[in-house]
Protein chains: 2
Amino acid sequence: MASPSSDLDRERRKCTFNVAELTDIINGGREKTERRQYLESLVLNEPIFNYDDYYFLSREEKYSDAVKKTVRLVQVLKQHNIEDPEDYQTLLKYVLNLNLPIALHNSMFRPTIRDQGTDEQRKKWLPLANDYKIIGTYAQTELGHGTFIRGLETTSTYDPKREEFVLNTPTLTATKWWPGCLGKTSTHAVVMAQLYIKNQCYGIHSFIIQLRSLKDHSPMPGVTVGDIGNKVGLETNDNGFLAMDNVRIPRENMLMRHAQVYPDGTYRKPANSKLVYGTMVLLRATVVSESATNLSKAATIAIRYSCVRRQTEAKPGELEPQIIDYVTQQHKLVPQLATAYAFAWIARYMMSTYHALHADIESGHLGALQELHGISSGLKAFTAEMSVSGIEVCRRACGGHGFSAASGLVSMYKDRLPSCTYEGENTVLYLQTARFLLKCFRQPSITPSSMSYIQVKPLPGARWGVKSPEDLMKPILLVEAFEHRAQRTIKSAAQFLESQISQGLDTSEAMNRSGIEFVRCAKAHCYYFVTRNFFQSTALLKCSKEIKESLLTLGVVFALNGIADNSGEFLEDCFITGTQMEFVRERILYCYKQLRPNLVGLVDAFAFADQSLNSALGAYDGDVYNRLYNWAKRAPLNKTDVHSSYHKYLKPILKSKI
Amino acid sequence: MASPSSDLDRERRKCTFNVAELTDIINGGREKTERRQYLESLVLNEPIFNYDDYYFLSREEKYSDAVKKTVRLVQVLKQHNIEDPEDYQTLLKYVLNLNLPIALHNSMFRPTIRDQGTDEQRKKWLPLANDYKIIGTYAQTELGHGTFIRGLETTSTYDPKREEFVLNTPTLTATKWWPGCLGKTSTHAVVMAQLYIKNQCYGIHSFIIQLRSLKDHSPMPGVTVGDIGNKVGLETNDNGFLAMDNVRIPRENMLMRHAQVYPDGTYRKPANSKLVYGTMVLLRATVVSESATNLSKAATIAIRYSCVRRQTEAKPGELEPQIIDYVTQQHKLVPQLATAYAFAWIARYMMSTYHALHADIESGHLGALQELHGISSGLKAFTAEMSVSGIEVCRRACGGHGFSAASGLVSMYKDRLPSCTYEGENTVLYLQTARFLLKCFRQPSITPSSMSYIQVKPLPGARWGVKSPEDLMKPILLVEAFEHRAQRTIKSAAQFLESQISQGLDTSEAMNRSGIEFVRCAKAHCYYFVTRNFFQSTALLKCSKEIKESLLTLGVVFALNGIADNSGEFLEDCFITGTQMEFVRERILYCYKQLRPNLVGLVDAFAFADQSLNSALGAYDGDVYNRLYNWAKRAPLNKTDVHSSYHKYLKPILKSKI
């Protein structure tokens with residue numbers, strides 16, 4: 001057997017480009033790399049942030065360990081005056097491998113008060129929250145309602161005599177259920193509830209509730225709160241439940257930037273009800289970014305391992321080949337690597353678009369919000385779905401050792417799974433994007449410039465301009481194929497909907513019957529959007545020829561696999577021919593061969609610290625087998641040579657008379 | 001909100017057929033149903049087999065609990081004289097929800113001694129094993145080698161002086177790794193090792209090794225054994241590692257039915273080296289059967305829950321619809337239900353074919369073995385893959401509550417995942433099936449009758465005979481489509497391989513480069529085989545018109561979704577046209593509508609006991625929300641109102657001075 005480290009050394013010598021240069025591109029510049037390294041150094045050297053035996057912990061131990069790490073993180077942030085949210089995101093992305101039990105405090109509680117609180121409310125609550133004197137969460141989802149927010153059952157009834165709101169959980173299904181950090185950690189929550197004044201319902205509004213005593217952390221009177229129990233992933237988070245029985249809060253605890261309730265019970269409705277969705281859009285953009293980061297980690301682990309792992313001699317007596325040299329293995333992993341880069345580029349696009357449009361939205365220009373909402377819904381669903389399935393492809397590509405928690409891929413997969421459901425269930429989000437696409441299709445006037453392609457009607461007899469396999473290296477032709485597919489499926493979804501209505505169905509049932517077509521066109525749009533962005537962004541990069549070449553080849557892999565995996569969508573109207581499909585398959589193999597010498601360089605460039613990967617299979621030095629063995633020896637079941645269950649249960653049957 | 005139980009009651013009243021009649025069909029006749037009920041009654045009434053708080057247990061507790069249940073199961077089996085392996089399988093499938101820490105004892109250790117042991121060896125070891133005086137496992141996979149058995153490094157060197165074999169683990173990568181039940185439970189193992197006699201290697205043979213003392217369960221001298229640590233799924237099983245340092249066993253401990261080593265060191269090779277694969281084929285057939293059962297369970301849970309869950313009012317003021325009435329939800333779940341039935345039918349076919357051919361194989365007729373191997377490899381991969389992804393579709397279709405361990409879908413998914421890798425890694429198995437298909441393609445003489453379709457060369461200009469959506473209800477036309485696709489992709493894989501060879505590549509590299517094409521044709525063959533079997537088996541059923549109608553419609557759903565999901569493969573050579581694809585999509589919706597009233601009946605017919613589903617979402621009475629709430633309240637994190645991590649970590653920051 002070749003030495004694992006020599007295998008990776010050899011790979012690294014083969015790489016045609018400067019890895020550090022690509023790392024800077026990924027981070028967004030040399031300065032950002034240095035900042036990232038500084039932040040990493042603050043945390044990676046602290047023994048408290050060690051994850052060596054993390055995978056052996058029980059659910060409770062994981063929660064407790066996460067609280068410990070969180071508290072230390074807060075101290076580090078204070079100590080080094082780190083206040084920029086971007087720094088905080090960098091720490092989450094690159095260093096901390098866990099979902100913090102204060103995640104919602106920073107991602108929802110503070111932003112909601114900032115966005116929906118009056119100046120006085122901000123002044124009262126934000127300093128407490130910023131200094132972690134209180135820890136808050138955001139309680140929206142209930143046992144009986146998630147997607148349909150108007151259906152929430154929690155009530156907040158105004159009592160003008162005492163100038164207080166009285167909160168109640170009128171039914172079992174009204175119990176708040178799932179909010180992160182709610183069960184055991186948070187002292188406060190922004191609670192979404194139906195506002196009632198003098199027996200009239202004014203719909204959903206936000207209220208600040210104190211959940212736990214600041215003296216001893218015990219639940220406040222009328223508050224029943226707890227953890228919702230074991231689940232897949234996010235074990236460090238105390239996703240919780242909350243039931244309220246006549247919980248009274250002062251009138252000032254309703255967040256009143258947009259809607260107001262006056263002391264006498266007079267209600268003033270918000271200027272625009274959609275303003276409250278800004279935070280949600282940011283959260284979705286964050287999901288896109290996390291999807292990119294985690295798929296990058298998975299690709300790093302699986303590609304490094306595949307260079308170390310050797311199996312099945314090709315010719316008797318020869319060294320067994322590295323499994324990365326099997327075409328079937330490349331066909332699993334290279335597309336994931338390409339997707340990781342494509343998602344990193346689209347995540348950056350979304351973040352910068354969010355910030356650019358945010359000012360517009362603040363000043364009441366809601367067209368931008370609609371655009372952002374239309375884009376972010378579908379892209380969140382698309383990237384979450386492909387990232388999760390890509391991590392799983394990477395995990396299975398590691399064969400038996402991919403099942404071991406020590407692979408690092410098991411907990412990564414479990415922790416990412418919920419991203420397909422939280423911040424908007426994926427199917428529901430695709431349907432939202434589809435509705436936006438159809439709106440643009442029908443009304444050119446509201447179509448944002450980033451979507452203007454929808455206005456170009458695809459010609460029924462359109463044919464793809466690819467004449468040879470070499471043509472498939474041309475971004476313009478690849479983007480054209482996805483554009484055509486998106487245009488065609490949007491048009492066909494619109495026609496399907498019309499045909500349902502013309503058959504006499506009412507709108508809601510016609511929309512329901514068109515659901516599958518809607519999801520189809522939303523996915524086609526997302527694939528187009530991500531592909532276009534990949535080539536556009538890459539073209540603009542100032543970098544060495546070798547790096548640009550590798551990135552463009554990855555873009556071609558992303559595009560060609562998108563065509564191969566969904567070939568029916570391109571073949572159905574004869575836009576692509578059978579011969580062109582053969583070109584596509586041929587060219588995919590060609591690209592794998594081109595990229596082969598640079599695969600390790602392309603994952604090294606993500607520059608994940610070993611501690612952040614926490615993987616016996618994916619560490620930088622490739623010392624896979626020693627790591628697996630030494631880790632297993634520390635497993636709890638190995639504390640004693642003979643397990644206690646032998647004495648309790650096994651012994652009697654082994655020793656019983658025949 | 002409508003009462004959950006009234007929702008399911010209403011569904012049950014709508015069902016057009018007699019559920020008990022369908023249950024008998026699934027079980028294989030009325031007698032089998034009664035036997036199953038008898039076996040269920042033995043176990044379900046025992047408090048020890050209660051699983052109420054199972055999802056809260058840590059890894060160690062799960063293992064310990066499983067040992068306890070296993071020991072009780074053994075007692076029950078003895079007490080009621082249950083010796084038929086079919087009864088044992090029934091208990092595993094329908095009642096016990098766990099991977100037993102003695103699983104390998106019954107699935108591998110005993111069968112291997114039976115198949116590979118001499119009469120004397122059988123006489124010595126089987127009574128001990130049958131009575132659980134010893135517990136055995138089967139140790140093949142090593143840290144460095146799984147798929148490539150010839151690459152195993154463990155050595156067994158014959159010492160003619162003492163008439164003993166000396167077993168050694170010469171390198172770290174030679175450590176046995178992954179065998180089930182090896183870490184803490186088994187006292188013995190059949191170990192696969194390279195046989196050395198007088199410095200000559202005779203390849204892999206099987207040896208019985210004692211791992212642990214029968215007096216106190218401590219590891220035997222020279223034996224290092226332990227658990228391989230936490231992993232995804234199979235937490236009840238102590239998958240283990242084993243290193244041996246000059247472990248001596250008597251010559252009689254080599255299993256010598258096929259190959260022999262005489263006292264003086266003379267070696268006699270086996271008549272046929274493939275005879276040892278019989279057990280493997282049976283294990284793969286078992287994976288197919290388990291894939292069917294588990295997908296049936298997942299469909300039961302998700303369909304019942306989707307009838308209880310209501311979300312998003314269609315029209316203001318109206319009751320929110322059951323989510324099963326959303327077409328996008330039907331498009332997730334009905335295909336899984338159809339697949340579950342299709343797999344149940346193919347599992348039965350495989351088991352009966354195995355038993356029919358087993359006699360042939362025993363008598364040395366190896367054509368049958370080759371056929372069985374060719375069929376079972378691909379179908380194991382195909383059903384494991386689709387079952388696992390189908391369970392995950394069901395889980396996500398349950399939205400937020402699908403993440404809760406209480407859904408029952410989380411542990412089911414995790415426990416089934418390994419089936420894509422164990423008993424043959426899926427990609428490797430597809431490649432094996434593809435090689436068999438290509439062999440048949442080239443040599444009509446060796447083609448078994450079940451595969452004779454391969455000999456029919458597809459016509460280049462062939463077109464599908466479907467003229468209207470109604471035509472899509474005709475099984476013959478559906479099977480024709482899959483047959484054509486399989487024929488075409490097999491031919492195209494053969495041509496691709498030839499083209500690689502004609503470019504000057506050597507065979508092994510040409511095979512490698514053809515890997516993607518090989519996998520493609522193997523999958524196409526499997527889809528064809530399962531579809532054909534579904535319609536053939538259903539046509540032969542003697543049952544009510546209503547049941548046959550529902551089953552045939554499920555078959556149509558299975559086939560049409562197979563076409564829609566892989567549409568490129570049918571469109572590429574213009575066998576199917578764009579217009580026919582529109583028919584396909586239209587007809588899928590039509591079938592969902594037809595099946596809608598019978599969905600609950602079709603899952604009720606599987607007749608899983610609530611205890612076996614162990615799901616708050618999928619219990620027979622549909623009382624979802626009470627179950628979720630009561631279960632969560634028992635979660636370990638809720639033992640105290642204030643968690644210990646508050647006192648240890650949180651308190652200081654909450655109380656620190658600003």
# chains A, B, ... in the order shown; residues from 1 in each chain; ligands from 1

call {"tool": "residues_around", "arguments": {"residues": "Leu333 of chain A", "least_positions_apart": "5", "cutoff": "8 Å", "atoms": "only C-alpha atoms", "output": "short mmCIF file (atom, residue, chain, number, x, y, z; two decimals) with N, CA, C and O atoms, in the first residue's frame"}}
result
data_model
loop_
_atom_site.label_atom_id
_atom_site.label_comp_id
_atom_site.auth_asym_id
_atom_site.auth_seq_id
_atom_site.Cartn_x
_atom_site.Cartn_y
_atom_site.Cartn_z
N ALA A 299 -17.12 17.90 -0.33
CA ALA A 299 -16.28 17.58 -1.50
C ALA A 299 -14.82 17.47 -1.07
O ALA A 299 -14.08 16.60 -1.56
N ALA A 302 -14.41 14.00 0.64
CA ALA A 302 -14.55 12.83 -0.24
C ALA A 302 -13.45 12.78 -1.29
O ALA A 302 -12.98 11.70 -1.65
N ILE A 303 -13.03 13.93 -1.77
CA ILE A 303 -11.99 13.93 -2.81
C ILE A 303 -10.63 13.57 -2.21
O ILE A 303 -9.89 12.76 -2.77
N VAL A 393 -24.19 12.18 -1.63
CA VAL A 393 -23.42 11.53 -2.68
C VAL A 393 -21.96 11.39 -2.23
O VAL A 393 -21.34 10.33 -2.38
N CYS A 394 -21.41 12.45 -1.67
CA CYS A 394 -20.03 12.40 -1.17
C CYS A 394 -19.88 11.34 -0.08
O CYS A 394 -18.90 10.61 -0.04
N ALA A 397 -19.98 7.94 -1.51
CA ALA A 397 -18.78 7.71 -2.32
C ALA A 397 -17.59 7.30 -1.45
O ALA A 397 -16.59 6.82 -1.96
#

call {"tool": "calpha_fit_rmsd", "arguments": {"fixed": "chain A", "moving": "chain B"}}
result
0.0 Å

call {"tool": "select_by_dssp", "arguments": {"residues": "segment 134-352 of chain B", "states": "strand (DSSP E or B)", "output": "ChimeraX atom specification"}}
result
/B:136-139,142,155-159,164-168,176-177,188-197,200-210,212,219,223-227,231,240-244,247-250,254,260-261,267-268,310,322

call {"tool": "residues_around", "arguments": {"residues": "Leu44 of chain A", "least_positions_apart": "4", "cutoff": "9 Å", "atoms": "only C-alpha atoms", "output": "VMD selection string"}}
result
chain A and resid 39 to 40 49 to 50 95 609 611 to 612

call {"tool": "closest_residue", "arguments": {"among": "A:Leu57, A:Asn630, A:Asn27, A:Tyr590", "to": "His331 of chain A", "atoms": "only C-alpha atoms"}}
result
A:Tyr590

call {"tool": "residues_around", "arguments": {"residues": "Phe241 of chain A", "least_positions_apart": "4", "cutoff": "12 Å", "atoms": "only C-alpha atoms", "output": "VMD selection string"}}
result
(chain A and resid 137 to 143 169 172 to 184 186 189 191 211 223 to 229) or (chain B and resid 628 to 630 632 to 633 638)

call {"tool": "atom_distance", "arguments": {"atom1": "atom CA of Asn566 of chain A", "atom2": "atom CA of Ala434 of chain B"}}
result
22.8 Å

call {"tool": "residues_around", "arguments": {"residues": "Leu497 of chain B", "least_positions_apart": "2", "cutoff": "12 Å", "atoms": "only C-alpha atoms", "output": "short mmCIF file (atom, residue, chain, number, x, y, z; two decimals) with N, CA and C atoms, in the first residue's frame"}}
result
data_model
loop_
_atom_site.label_atom_id
_atom_site.label_comp_id
_atom_site.auth_asym_id
_atom_site.auth_seq_id
_atom_site.Cartn_x
_atom_site.Cartn_y
_atom_site.Cartn_z
N ALA B 434 -24.29 -5.19 -15.13
CA ALA B 434 -24.04 -4.73 -16.51
C ALA B 434 -23.14 -5.71 -17.24
N ARG B 435 -22.13 -6.21 -16.55
CA ARG B 435 -21.23 -7.16 -17.22
C ARG B 435 -21.99 -8.43 -17.61
N LEU B 438 -24.15 -7.60 -20.67
CA LEU B 438 -23.35 -7.51 -21.90
C LEU B 438 -22.92 -8.90 -22.38
N ILE B 490 -28.35 -1.17 -23.28
CA ILE B 490 -27.39 -2.28 -23.24
C ILE B 490 -26.55 -2.27 -24.52
N LYS B 491 -27.25 -2.12 -25.64
CA LYS B 491 -26.54 -2.08 -26.91
C LYS B 491 -25.56 -0.91 -26.94
N SER B 492 -26.01 0.22 -26.43
CA SER B 492 -25.16 1.40 -26.51
C SER B 492 -23.96 1.29 -25.56
N ALA B 493 -24.15 0.60 -24.41
CA ALA B 493 -23.00 0.36 -23.52
C ALA B 493 -21.99 -0.55 -24.21
N ALA B 494 -22.50 -1.58 -24.89
CA ALA B 494 -21.61 -2.50 -25.60
C ALA B 494 -20.82 -1.76 -26.67
N GLN B 495 -21.51 -0.89 -27.39
CA GLN B 495 -20.84 -0.12 -28.44
C GLN B 495 -19.81 0.84 -27.86
N SER B 499 -15.88 0.95 -28.68
CA SER B 499 -15.23 2.16 -29.21
C SER B 499 -14.01 2.53 -28.38
N GLN B 500 -14.07 2.28 -27.06
CA GLN B 500 -12.92 2.58 -26.21
C GLN B 500 -11.77 1.64 -26.53
N ILE B 501 -12.12 0.37 -26.74
CA ILE B 501 -11.08 -0.62 -27.05
C ILE B 501 -10.47 -0.31 -28.41
N SER B 502 -11.32 0.09 -29.35
CA SER B 502 -10.79 0.37 -30.70
C SER B 502 -9.93 1.64 -30.71
N GLN B 503 -10.08 2.45 -29.66
CA GLN B 503 -9.19 3.62 -29.54
C GLN B 503 -7.84 3.24 -28.95
N GLY B 504 -7.66 1.96 -28.65
CA GLY B 504 -6.37 1.49 -28.19
C GLY B 504 -6.24 1.33 -26.68
N LEU B 505 -7.32 1.55 -25.93
CA LEU B 505 -7.24 1.35 -24.48
C LEU B 505 -7.21 -0.14 -24.17
N ASP B 506 -6.51 -0.51 -23.07
CA ASP B 506 -6.59 -1.92 -22.69
C ASP B 506 -7.94 -2.18 -22.03
N THR B 507 -8.28 -3.47 -21.88
CA THR B 507 -9.63 -3.81 -21.46
C THR B 507 -10.02 -3.16 -20.14
N SER B 508 -9.10 -3.21 -19.16
CA SER B 508 -9.51 -2.71 -17.84
C SER B 508 -9.78 -1.21 -17.90
N GLU B 509 -8.97 -0.46 -18.66
CA GLU B 509 -9.21 0.97 -18.74
C GLU B 509 -10.45 1.26 -19.59
N ALA B 510 -10.67 0.46 -20.61
CA ALA B 510 -11.87 0.64 -21.44
C ALA B 510 -13.12 0.38 -20.60
N MET B 511 -13.06 -0.65 -19.75
CA MET B 511 -14.19 -0.94 -18.85
C MET B 511 -14.40 0.22 -17.89
N ASN B 512 -13.31 0.74 -17.35
CA ASN B 512 -13.40 1.87 -16.44
C ASN B 512 -14.08 3.06 -17.13
N ARG B 513 -13.60 3.39 -18.33
CA ARG B 513 -14.17 4.53 -19.05
C ARG B 513 -15.64 4.32 -19.39
N SER B 514 -16.08 3.05 -19.46
CA SER B 514 -17.48 2.76 -19.82
C SER B 514 -18.38 2.68 -18.59
N GLY B 515 -17.82 2.94 -17.40
CA GLY B 515 -18.56 2.72 -16.15
C GLY B 515 -19.91 3.41 -16.10
N ILE B 516 -19.96 4.65 -16.54
CA ILE B 516 -21.21 5.41 -16.45
C ILE B 516 -22.27 4.77 -17.35
N GLU B 517 -21.85 4.34 -18.54
CA GLU B 517 -22.78 3.68 -19.47
C GLU B 517 -23.26 2.34 -18.90
N PHE B 518 -22.34 1.65 -18.24
CA PHE B 518 -22.69 0.36 -17.65
C PHE B 518 -23.77 0.52 -16.58
#

call {"tool": "select_by_dssp", "arguments": {"residues": "segment 11-141 of chain B", "states": "alpha helix (DSSP H)", "output": "PyMOL selection string"}}
result
chain B and resi 11-14+19-27+30-44+59-79+85-94+103-104+110-116+119-130

call {"tool": "closest_residue", "arguments": {"among": "B:Leu429, B:Val388, B:Ile375, B:Ala524", "to": "Ser450 of chain B", "atoms": "only C-alpha atoms"}}
result
B:Ile375

call {"tool": "atom_distance", "arguments": {"atom1": "atom CA of Arg257 of chain B", "atom2": "atom CA of Pro316 of chain A"}}
result
28.2 Å

call {"tool": "atom_distance", "arguments": {"atom1": "atom CA of Leu77 of chain A", "atom2": "atom CA of His217 of chain A"}}
result
23.9 Å

call {"tool": "decode", "arguments": {"residues": "segment 494-530 of chain B", "atoms": "C-alpha atoms", "output": "PDB file, in the first residue's frame"}}
result
ATOM      1  CA  ALA B 494     -21.607  -2.504 -25.597  1.00  0.00           C
ATOM      2  CA  GLN B 495     -20.835  -0.125 -28.441  1.00  0.00           C
ATOM      3  CA  PHE B 496     -19.254   2.395 -26.110  1.00  0.00           C
ATOM      4  CA  LEU B 497     -16.969  -0.280 -24.673  1.00  0.00           C
ATOM      5  CA  GLU B 498     -15.965  -1.394 -28.162  1.00  0.00           C
ATOM      6  CA  SER B 499     -15.228   2.162 -29.213  1.00  0.00           C
ATOM      7  CA  GLN B 500     -12.924   2.578 -26.209  1.00  0.00           C
ATOM      8  CA  ILE B 501     -11.078  -0.619 -27.049  1.00  0.00           C
ATOM      9  CA  SER B 502     -10.791   0.366 -30.696  1.00  0.00           C
ATOM     10  CA  GLN B 503      -9.186   3.620 -29.541  1.00  0.00           C
ATOM     11  CA  GLY B 504      -6.368   1.494 -28.188  1.00  0.00           C
ATOM     12  CA  LEU B 505      -7.241   1.347 -24.479  1.00  0.00           C
ATOM     13  CA  ASP B 506      -6.589  -1.917 -22.687  1.00  0.00           C
ATOM     14  CA  THR B 507      -9.634  -3.813 -21.460  1.00  0.00           C
ATOM     15  CA  SER B 508      -9.506  -2.709 -17.843  1.00  0.00           C
ATOM     16  CA  GLU B 509      -9.207   0.972 -18.740  1.00  0.00           C
ATOM     17  CA  ALA B 510     -11.868   0.639 -21.437  1.00  0.00           C
ATOM     18  CA  MET B 511     -14.193  -0.938 -18.851  1.00  0.00           C
ATOM     19  CA  ASN B 512     -13.396   1.873 -16.444  1.00  0.00           C
ATOM     20  CA  ARG B 513     -14.169   4.534 -19.050  1.00  0.00           C
ATOM     21  CA  SER B 514     -17.475   2.761 -19.816  1.00  0.00           C
ATOM     22  CA  GLY B 515     -18.555   2.724 -16.153  1.00  0.00           C
ATOM     23  CA  ILE B 516     -21.213   5.408 -16.446  1.00  0.00           C
ATOM     24  CA  GLU B 517     -22.779   3.682 -19.472  1.00  0.00           C
ATOM     25  CA  PHE B 518     -22.686   0.356 -17.650  1.00  0.00           C
ATOM     26  CA  VAL B 519     -24.508   1.704 -14.613  1.00  0.00           C
ATOM     27  CA  ARG B 520     -27.069   3.313 -16.906  1.00  0.00           C
ATOM     28  CA  CYS B 521     -27.972   0.093 -18.680  1.00  0.00           C
ATOM     29  CA  ALA B 522     -28.060  -1.898 -15.444  1.00  0.00           C
ATOM     30  CA  LYS B 523     -30.592   0.526 -13.985  1.00  0.00           C
ATOM     31  CA  ALA B 524     -32.644   0.426 -17.182  1.00  0.00           C
ATOM     32  CA  HIS B 525     -32.690  -3.360 -16.997  1.00  0.00           C
ATOM     33  CA  CYS B 526     -33.786  -3.321 -13.347  1.00  0.00           C
ATOM     34  CA  TYR B 527     -36.614  -0.888 -13.996  1.00  0.00           C
ATOM     35  CA  TYR B 528     -37.816  -3.052 -16.854  1.00  0.00           C
ATOM     36  CA  PHE B 529     -37.560  -6.223 -14.807  1.00  0.00           C
ATOM     37  CA  VAL B 530     -39.486  -4.841 -11.832  1.00  0.00           C
TER      38      VAL B 530
END
